[in-house]
Amino acid sequence: MGKRACPRRDVPERLPRGAQGLPEYDRGACPDHLATRRQLRDRNVSPGGHRPVAILRCARCRYVPQWSCTHRSRAWLYDLRVTRPKRVPTLAQEWALDRAMAARQTCPVPSCRRRYMFCLPLKTLGCCLECWDGTPADPATYIAPRPTHQLAA
């Protein structure tokens with residue numbers, strides 16, 4: 001039995017240009033009314049449920065104009081004329097998101113209860129690093145818990 005050829009994973013499938021049904025533009029050559037997702041985000045707009053209208057080819061594919069770009073670094077282009085403004089969350093939605101993030105950022109140990117600026121490894125450690133192994137936490141990375149007064153009288 002002969003050796004089997006191992007397919008290379010980094011070589012994209014070769015398709016003739018335009019085979020995907022969308023026009024393709026090289027970087028720096030697309031019309032002004034088309035924008036990528038990142039450019040839409042910077043303008044605070046969303047595609048509004050519309051599909052991409054073109055493909056922005058990656059930098060490597062400009063040297064092979066006859067082939068379609070199938071690399072992961074290509075970008076989808078959306079028409080700016082049909083975009084909508086981004087939805088603004090209500091105060092109740094923001095409050096719900098803050099509570100969800102607080103559950104991931106707060107140490108559950110009763111003696112600690114600090115809220116950190118990052119998510120804690122609660123599935124693996126179950127608490128913050130200071131409670132786990134005594135590694136001191138930088139005071140700039142957490143918010144101290146509210147003091148609970150236990151008055152005797």
# chains A, B, ... in the order shown; residues from 1 in each chain; ligands from 1

call {"tool": "residues_around", "arguments": {"residues": "Leu34 in chain A", "least_positions_apart": "3", "cutoff": "12 Å", "atoms": "only C-alpha atoms", "output": "list of chain:residue names"}}
result
A:Pro23, A:Glu24, A:Tyr25, A:Arg27, A:Gly28, A:Ala29, A:Cys30, A:Pro31, A:Arg37, A:Arg38, A:Gln39, A:Leu40, A:Pro47, A:Pro52, A:Val53, A:Ala54, A:Ile55, A:Leu56, A:Ala75, A:Trp76, A:Leu77, A:Tyr78, A:Asp79, A:Leu80, A:Arg81, A:Val82, A:Thr83

call {"tool": "write_last_selection", "arguments": {"atoms": "N, CA, C and O atoms", "output": "tab-separated table (two decimals), in the first residue's frame"}}
result
chain	number	residue	atom	x	y	z
A	23	PRO	N	-19.43	40.41	-5.85
A	23	PRO	CA	-18.25	41.08	-6.41
A	23	PRO	C	-17.14	41.15	-5.36
A	23	PRO	O	-17.40	41.22	-4.16
A	24	GLU	N	-15.90	41.09	-5.82
A	24	GLU	CA	-14.74	41.14	-4.92
A	24	GLU	C	-13.93	42.38	-5.21
A	24	GLU	O	-13.72	42.76	-6.37
A	25	TYR	N	-13.47	43.03	-4.13
A	25	TYR	CA	-12.66	44.23	-4.25
A	25	TYR	C	-11.35	44.02	-3.52
A	25	TYR	O	-11.31	43.40	-2.46
A	27	ARG	N	-8.06	45.56	-1.42
A	27	ARG	CA	-7.95	46.58	-0.37
A	27	ARG	C	-7.60	47.92	-0.98
A	27	ARG	O	-6.71	48.03	-1.80
A	28	GLY	N	-8.33	48.96	-0.58
A	28	GLY	CA	-8.11	50.29	-1.10
A	28	GLY	C	-8.82	50.58	-2.40
A	28	GLY	O	-8.71	51.68	-2.93
A	29	ALA	N	-9.55	49.61	-2.95
A	29	ALA	CA	-10.20	49.81	-4.24
A	29	ALA	C	-11.72	49.65	-4.18
A	29	ALA	O	-12.37	49.64	-5.22
A	30	CYS	N	-12.29	49.54	-2.99
A	30	CYS	CA	-13.74	49.33	-2.92
A	30	CYS	C	-14.45	50.69	-2.91
A	30	CYS	O	-13.88	51.70	-2.51
A	31	PRO	N	-15.70	50.73	-3.35
A	31	PRO	CA	-16.45	51.99	-3.38
A	31	PRO	C	-16.67	52.55	-1.98
A	31	PRO	O	-16.58	51.84	-0.97
A	37	ARG	N	-17.59	45.14	8.84
A	37	ARG	CA	-18.29	45.12	10.14
A	37	ARG	C	-17.61	46.05	11.13
A	37	ARG	O	-18.28	46.75	11.90
A	38	ARG	N	-16.30	46.07	11.12
A	38	ARG	CA	-15.57	46.94	12.05
A	38	ARG	C	-15.83	48.41	11.74
A	38	ARG	O	-15.99	49.23	12.64
A	39	GLN	N	-15.89	48.76	10.46
A	39	GLN	CA	-16.19	50.14	10.09
A	39	GLN	C	-17.63	50.50	10.44
A	39	GLN	O	-17.90	51.64	10.83
A	40	LEU	N	-18.54	49.55	10.32
A	40	LEU	CA	-19.92	49.79	10.75
A	40	LEU	C	-19.97	50.04	12.25
A	40	LEU	O	-20.69	50.94	12.72
A	47	PRO	N	-25.86	46.35	10.18
A	47	PRO	CA	-26.31	46.05	8.82
A	47	PRO	C	-27.83	46.08	8.66
A	47	PRO	O	-28.33	46.14	7.55
A	52	PRO	N	-24.29	40.64	3.30
A	52	PRO	CA	-23.19	41.35	2.65
A	52	PRO	C	-23.42	41.46	1.14
A	52	PRO	O	-24.04	40.59	0.52
A	53	VAL	N	-22.90	42.54	0.58
A	53	VAL	CA	-23.10	42.77	-0.85
A	53	VAL	C	-21.81	42.56	-1.64
A	53	VAL	O	-21.85	42.51	-2.87
A	54	ALA	N	-20.67	42.43	-0.95
A	54	ALA	CA	-19.39	42.25	-1.65
A	54	ALA	C	-18.38	41.63	-0.69
A	54	ALA	O	-18.63	41.49	0.51
A	55	ILE	N	-17.22	41.27	-1.24
A	55	ILE	CA	-16.13	40.68	-0.46
A	55	ILE	C	-14.90	41.56	-0.60
A	55	ILE	O	-14.56	41.99	-1.71
A	56	LEU	N	-14.25	41.83	0.51
A	56	LEU	CA	-12.98	42.55	0.50
A	56	LEU	C	-11.88	41.50	0.55
A	56	LEU	O	-11.75	40.76	1.52
A	75	ALA	N	-12.88	39.94	4.21
A	75	ALA	CA	-13.93	40.62	4.98
A	75	ALA	C	-15.18	40.76	4.11
A	75	ALA	O	-15.09	40.86	2.88
A	76	TRP	N	-16.31	40.76	4.76
A	76	TRP	CA	-17.58	40.98	4.07
A	76	TRP	C	-17.84	42.47	4.06
A	76	TRP	O	-17.62	43.17	5.04
A	77	LEU	N	-18.35	42.97	2.95
A	77	LEU	CA	-18.67	44.39	2.81
A	77	LEU	C	-20.18	44.58	2.80
A	77	LEU	O	-20.91	43.83	2.14
A	78	TYR	N	-20.63	45.59	3.55
A	78	TYR	CA	-22.05	45.89	3.67
A	78	TYR	C	-22.32	47.27	3.09
A	78	TYR	O	-21.47	48.15	3.12
A	79	ASP	N	-23.53	47.46	2.60
A	79	ASP	CA	-23.91	48.73	1.98
A	79	ASP	C	-24.30	49.72	3.08
A	79	ASP	O	-25.19	49.44	3.88
A	80	LEU	N	-23.66	50.88	3.08
A	80	LEU	CA	-23.95	51.89	4.10
A	80	LEU	C	-25.30	52.56	3.89
A	80	LEU	O	-25.85	53.16	4.81
A	81	ARG	N	-25.86	52.44	2.70
A	81	ARG	CA	-27.13	53.11	2.41
A	81	ARG	C	-28.32	52.41	3.03
A	81	ARG	O	-29.39	53.00	3.13
A	82	VAL	N	-28.17	51.16	3.45
A	82	VAL	CA	-29.29	50.42	4.04
A	82	VAL	C	-29.04	50.08	5.51
A	82	VAL	O	-29.78	49.28	6.08
A	83	THR	N	-28.03	50.69	6.13
A	83	THR	CA	-27.74	50.39	7.53
A	83	THR	C	-28.72	51.13	8.44
A	83	THR	O	-29.37	52.09	8.04

call {"tool": "residues_around", "arguments": {"residues": "Cys131 in chain A", "least_positions_apart": "4", "cutoff": "10 Å", "atoms": "only C-alpha atoms", "output": "list in words"}}
result
Cys107, Pro108, Val109, Ser111, Cys112, Leu125, Gly126, Cys127, Thr135, Pro136 and Ala137 of chain A

call {"tool": "select_by_dssp", "arguments": {"residues": "range 21-142 of chain A", "states": "strand (DSSP E or B)", "output": "PyMOL selection string"}}
result
chain A and resi 24-25+34-35+45-46+54-56+67+75-79+84-85+106+115-116+142

call {"tool": "atom_distance", "arguments": {"atom1": "CA of Arg104 in chain A", "atom2": "CA of Tyr116 in chain A"}}
result
9.1 Å

call {"tool": "atom_distance", "arguments": {"atom1": "CA of Cys119 in chain A", "atom2": "CA of Gln105 in chain A"}}
result
4.6 Å

call {"tool": "atom_distance", "arguments": {"atom1": "CA of Asp42 in chain A", "atom2": "CA of Trp95 in chain A"}}
result
24.4 Å

call {"tool": "closest_residue", "arguments": {"among": "A:Ala96, A:Leu129, A:Val88, A:Ala102", "to": "Arg115 in chain A", "atoms": "only C-alpha atoms"}}
result
A:Ala102
